[in-house]
Structures are given as C-alpha cells and as structure tokens.
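Note sheet for the following structure.
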Amino acid sequence: MRTATAPTATTAPAAPESAAPSDGGGALAPLVGDAQEFLSRHWTRTPLLRRAVSPDAFAGLLSLEVLTDLLTTRALRLPHVRLVRDGQQVAESQYTGVRRIGHGTVTDAIDPGKVLSHFGLGATLVLDAVELLVPAVGSLCERLAASLSCPVDAVAFLTPPDRKGLAAHIDDEDVFVLQLSGSKQWTVHEQLRPVPLTPGALPASALGPVALTPLLEPGDVLYVPRGTPHHAESTGGHSLHLSLAARRPTLSALTADTLLAALRASGPDRDLNSLDPAQEIGALVQAQASGALARLDTVPVPVADGAGREGDALAGVLRALAALAVPGTRYAAGGGIGLTYEEDGAVVADFGRFSARFPSSARGLLERLAAGGAVGAQEFTTDGAAGTGTLSLLLVRGALRLAP
C-alpha cells in the first residue's frame, strides 16, 4: 500500500542554458520519464517521485543474491563497507579483521560474521563504490554521467526490518534512489536556500517544510537534489536500495583542480621543510609497526575441510530474505525454540538469544517450528499470526532459516 505524496511547493527559475545537461547518454528517461521535463523542472531544484513501470525494472542491476556474493566471497576491504545504526556510524574496528591475501596481510578486511552480528542488531549495511564491483551498475553510472555531464557513483543500502539507517541529513550531491527490494518510507523536505554544499546531519528545527512522503517499493525512483533534507525507514521487512550520486562540480573544486593542474605542469614539486626530525618519524613508524604486529596475533585459525566457511551465516540470512519473494518458500527454526503459553492465549517463543510474544493464532505455526518442522512464508500473513515484517526480523536475527 502506497502513501499519498504532497506536491513540491516551489519551482525555481530555469538554469542557464549553457549549464543544462542533456540526455545524450540515454540513461535519464528510464529513471525519470520525460528527460527534458525533468531537466527543466526538477534537476538541481526540486525532488521528483516516479512510480515503477514494473517491479522488476531494476532486476538486472543489484540483487540480494549479488550482494551476498560481494560480502561473503570477495575480499572486500575498507572503505567499501560501512555500518550505520540509529543514525550513528559503527566503528570500523567492530566489523573488520586481519586477512591474508596472497603473500601479504591486510588489517582492514571486512568480516562477514561481524557484519551479520551488527545487521541483526539493527545496523544498516552501506556498500560504497558499487559501480566498481558490479558491471551492470558501472555501465548505468557511465551512461548517466554522460547524460548529466558530471561524475556518477553508486551506493547500496541494505536496512533490516523497521529500522532507520542515517539520521535526517543533506548530501553534497544529487541522488537518484532506485528501490530494488523491500520497501522504505521516505520523508523529503524542500531544498534549503541558499543551497549548502557541505553534507551532514540536521536537527529537526532545520529541516523545513515537507515536500514528499513516499513509500518506495521495487521499481520506484526518487530524485533528491543536493542540499535537500531527507530521511527514511524500512517498513515491515528489509529494504535494499541503490543511490546513484551525481557529483556536480563546485567553484571551489574547479578552482582547486585548476591550481593543482597548473602546479603539476610547472615542474617538480618542492619540499617546504626538508629538515623534518628523523627521530620523530622513526618513532611514528615503530608505533605503527607494533600495532600491526599486535593485530596479526588475532588471525583466526582456518577451519579444516571448508566447514563453517567465513561468510556462510551472512549468506544464509541474505538468501533467506531474497527468498521471501519466491512462492512456496519454506522456513525452519535456526535453533531450539521454547514455548510458554499465557492466560490470554498468547504464546511467548524463546529463541535463545531473544524472546518474542505472538498472538494465539500463531500457536500451531510455532509448535510446528519447535518440533523441527517447516512452515511456508505465506503462513506468517494469515489469520493475524504475524506478518512479513515479523518473518524478516526472525530471519535477520537468526531465529529462522531457509528449509532444505
């Protein structure tokens, strides 16, 4: 079910003709419909919502299956992955570790097990520079960059059920949000004037009037101009969306690039201070080396015969979420379940790490799971037993898994 959206309140005058891009790359129309109308009415000024032509409109770009492969079978390192919980960045040290790669060792490798742990606690998983990892996304970014005459990169956001990742904020780029899986409730305010060029979180008092409040579902597109406050929250189940960030040049960036190019063309650079104290530099190097050696002591011992491979748990959760859309999917308990019956007929299920209270209509379903049986996804949405949001949450927290 979709929520109503309010019309944008203001229409700014058209940009100078020389500054207006065209859809020469052919990537705009599939995202915004009429490309010329978008460029004249919305580009750089007002948000735009375009409902899906088809729920599968972006099926070939990035799926949960592809995301699973990236996170669990590739040697991803910082800064490709970020975790955000309740508007705050999770410290990188909490989801990275040491990994041997060939004859070398890195200390900032993404640890899928730690990522899964934080995801289960409500953290949004952010995958940066997706255009470098997924060819289809890279191709779209190249074509969109040609249409808009500025660089475009891609960021994926996977948010667990009923959670908000980033706090209300503004970006320093224009963003096209492509909803890929699940749904997300957005609140988009009117663009701030003058348009700030520095990204960051904003207090509620600085957000301004609301322009749009769309519920994005698969295939929907939302355009958010630079300097436009916005925030979003997954609804019911998980949400996976792709943000295509168009980075329009600024005067300061253009000036810096021009000066740097001129300096490089003028000849070899010159050291302003060739008398740095060698002892201080040596002490710094020694401290860094000692820290690296201490981290090497935490390298895990490989498991024999490939059992319990790194990333298996995270892959299992993501595949179970992807299977929600497949008819006939069945789920089993991820571990033991203890059941307690209350006087009003409600059932409290103890999954080990947490407990949850269910209505009496869920009794048969829970008893079958506790006895080692499997249940269909559709059973969670009948007779008021539970819902897709409850099912998603149980999958994310490891209480349920895909049945064999």
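Residue numbers start at 1 in each chain; chains themselves are named A, B, ... in the order of the structure tokens; ligands are numbered from 1 in the order shown.
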- Message: Env of Asp128 of chain A: 12 Å cut, atoms = only C-alpha atoms, seq-sep filter 3 positions within chain, self excluded. Answer as a VMD selection string.
- Response: chain A and resid 67 70 76 to 83 125 131 to 134 137 153 to 158 242 to 245
- Find the spatial neighbours of Val221 of chain A, counting only C-alpha atoms, within a cut-off of 9 Å - ignore same-chain residues fewer than 6 positions away - and output them as a VMD selection string. chain A and resid 31 to 32 48 to 52 176 to 179
Can you pull out every residue within 7 Å of Leu339 of chain A, counting only C-alpha atoms, but drop anything in the same chain fewer than 4 positions away, and send it as a compact mmCIF listing (two decimals) with N, CA and C atoms, in the first residue's frame?
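part30.txt, freshly written:
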# COMPACT_ATOMS: atom_id res chain seq x y z
N VAL A 347 1.38 -16.67 22.91
CA VAL A 347 2.49 -17.60 23.01
C VAL A 347 3.80 -16.81 23.04
N VAL A 348 4.65 -17.08 24.02
CA VAL A 348 5.97 -16.48 24.09
C VAL A 348 6.99 -17.50 23.60
N ALA A 349 7.71 -17.15 22.55
CA ALA A 349 8.71 -18.05 21.97
C ALA A 349 10.10 -17.59 22.39
N ASP A 350 10.85 -18.48 23.00
CA ASP A 350 12.22 -18.20 23.42
C ASP A 350 13.16 -18.81 22.38
- Item | Residue nearest Pro160 of chain A among A:Thr68, A:Thr198, A:Ser234, A:Thr390 (counting only C-alpha atoms) |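 Checking each of A:Thr68, A:Thr198, A:Ser234, A:Thr390 against Pro160 of chain A, counting only C-alpha atoms, the winner is A:Ser234.
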- Message: Excluding Val210 of chain A and its own-chain neighbours fewer than 4 positions away, which residues fall within 7 Å of it when counting only C-alpha atoms? Please give them as a list in words.
- Response: Val188, His189 and Glu190 of chain A
Next, dump the selected residues to file, keeping only C-alpha atoms, as a compact mmCIF listing (two decimals), in the first residue's frame.
# COMPACT_ATOMS: atom_id res chain seq x y z
CA VAL A 188 11.85 14.59 1.76
CA HIS A 189 11.82 18.28 2.66
CA GLU A 190 12.13 21.29 0.40
- Task: Write out as a list in words which residues come within 7 Å of Leu216 of chain A when counting only C-alpha atoms, dropping same-chain ones fewer than 5 positions away.
- Result: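 My reading of the contact set: Gln179, Ser183, Lys184 and Gln185 of chain A.
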Would you mind exporting the chosen residues as a PDB file, in the first residue's frame, restricted to all heavy atoms?
ATOM      1  N   GLN A 179      14.670   1.839  -5.755  1.00  0.00           N
ATOM      2  CA  GLN A 179      14.271   0.812  -4.796  1.00  0.00           C
ATOM      3  C   GLN A 179      14.360  -0.556  -5.469  1.00  0.00           C
ATOM      4  O   GLN A 179      13.720  -0.800  -6.492  1.00  0.00           O
ATOM      5  CB  GLN A 179      12.853   1.068  -4.289  1.00  0.00           C
ATOM      6  CG  GLN A 179      12.440   0.164  -3.142  1.00  0.00           C
ATOM      7  CD  GLN A 179      13.193   0.453  -1.851  1.00  0.00           C
ATOM      8  OE1 GLN A 179      13.642   1.576  -1.634  1.00  0.00           O
ATOM      9  NE2 GLN A 179      13.330  -0.548  -0.998  1.00  0.00           N
ATOM     10  N   SER A 183      10.680  -2.395   0.990  1.00  0.00           N
ATOM     11  CA  SER A 183      10.083  -1.061   0.896  1.00  0.00           C
ATOM     12  C   SER A 183      10.689  -0.145   1.945  1.00  0.00           C
ATOM     13  O   SER A 183      11.237  -0.595   2.947  1.00  0.00           O
ATOM     14  CB  SER A 183       8.566  -1.139   1.077  1.00  0.00           C
ATOM     15  OG  SER A 183       8.239  -1.666   2.351  1.00  0.00           O
ATOM     16  N   LYS A 184      10.579   1.157   1.689  1.00  0.00           N
ATOM     17  CA  LYS A 184      11.142   2.137   2.602  1.00  0.00           C
ATOM     18  C   LYS A 184      10.302   3.403   2.574  1.00  0.00           C
ATOM     19  O   LYS A 184       9.941   3.905   1.502  1.00  0.00           O
ATOM     20  CB  LYS A 184      12.591   2.461   2.222  1.00  0.00           C
ATOM     21  CG  LYS A 184      13.454   2.962   3.371  1.00  0.00           C
ATOM     22  CD  LYS A 184      14.925   2.860   3.039  1.00  0.00           C
ATOM     23  CE  LYS A 184      15.778   2.890   4.312  1.00  0.00           C
ATOM     24  NZ  LYS A 184      17.207   2.743   4.021  1.00  0.00           N
ATOM     25  N   GLN A 185       9.981   3.904   3.758  1.00  0.00           N
ATOM     26  CA  GLN A 185       9.207   5.133   3.900  1.00  0.00           C
ATOM     27  C   GLN A 185      10.160   6.332   3.960  1.00  0.00           C
ATOM     28  O   GLN A 185      11.021   6.405   4.826  1.00  0.00           O
ATOM     29  CB  GLN A 185       8.361   5.086   5.175  1.00  0.00           C
ATOM     30  CG  GLN A 185       7.530   6.329   5.413  1.00  0.00           C
ATOM     31  CD  GLN A 185       6.435   6.499   4.377  1.00  0.00           C
ATOM     32  OE1 GLN A 185       5.625   5.595   4.192  1.00  0.00           O
ATOM     33  NE2 GLN A 185       6.415   7.642   3.693  1.00  0.00           N
TER      34      GLN A 185
END
- Item | Selected residue, from A:Glu65, A:Glu217, A:Glu310, A:Glu173, that lies nearest to Arg99 of chain A when counting only C-alpha atoms |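 Among A:Glu65, A:Glu217, A:Glu310, A:Glu173, it is A:Glu310 that comes nearest to Arg99 of chain A.
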- Find the residue from A:Ile110, A:Val224, A:Ala256, A:Ala333 that sits nearest to Arg74 of chain A; use only C-alpha atoms when measuring.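 With only C-alpha atoms as the atom set, the closest residue is A:Ile110.
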- Compare A:Ala57, A:Ala109, A:Leu192, A:Val175 by their minimum atom-to-atom distance to Trp43 of chain A, counting only C-alpha atoms, and give me the closest one.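 For Trp43 of chain A, the nearest of the candidates is A:Val175.
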- So which residues touch segment 146-150 of chain A within 7 Å, counting only C-alpha atoms, skipping near sequence neighbours fewer than 2 positions away, as a PyMOL selection string? chain A and resi 21-28+142-144+152+246-248
Please dump the current selection as an mmCIF file, in the first residue's frame; keep C-alpha atoms.
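Saved to part.cif:
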data_model
loop_
_atom_site.group_PDB
_atom_site.id
_atom_site.type_symbol
_atom_site.label_atom_id
_atom_site.label_comp_id
_atom_site.auth_asym_id
_atom_site.auth_seq_id
_atom_site.Cartn_x
_atom_site.Cartn_y
_atom_site.Cartn_z
ATOM 1 C CA PRO A 21 22.818 18.855 -19.372
ATOM 2 C CA SER A 22 21.017 16.747 -21.952
ATOM 3 C CA ASP A 23 20.057 13.084 -22.065
ATOM 4 C CA GLY A 24 22.695 12.294 -24.639
ATOM 5 C CA GLY A 25 23.652 9.132 -22.777
ATOM 6 C CA GLY A 26 20.063 7.888 -22.791
ATOM 7 C CA ALA A 27 20.072 6.904 -19.089
ATOM 8 C CA LEU A 28 17.748 9.588 -17.722
ATOM 9 C CA GLU A 142 28.721 5.788 -17.054
ATOM 10 C CA ARG A 143 25.604 6.423 -19.146
ATOM 11 C CA LEU A 144 24.032 8.644 -16.510
ATOM 12 C CA VAL A 152 28.170 9.483 -11.047
ATOM 13 C CA ALA A 246 25.661 12.771 -9.395
ATOM 14 C CA ARG A 247 28.536 14.957 -8.230
ATOM 15 C CA ARG A 248 28.086 18.349 -9.849
#
- Message: Just the number, please: distance in Å from atom CA of Leu395 of chain A to atom CA of Gly316 of chain A, one decimal.
- Response: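 Interatomic distance, atom CA of Leu395 of chain A to atom CA of Gly316 of chain A: 9.1 Å.
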- Query: From the list A:Thr159, A:His230, A:Cys141, A:Arg368, which residue is nearest Ala129 of chain A when using only C-alpha atoms?
  - Reply: A:Cys141
- Test item, alpha helix (DSSP H) assignment across segment 79-192 of chain A, answer as a list in words: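 Assigned to alpha helix (DSSP H), within segment 79-192 of chain A: Pro112, Gly113, Lys114, Val115, Leu116, Ser117, His118, Phe119, Gly120, Pro135, Ala136, Val137, Gly138, Ser139, Leu140, Cys141, Glu142, Arg143, Leu144, Ala145, Ala146, Ser147 and Leu148 of chain A.
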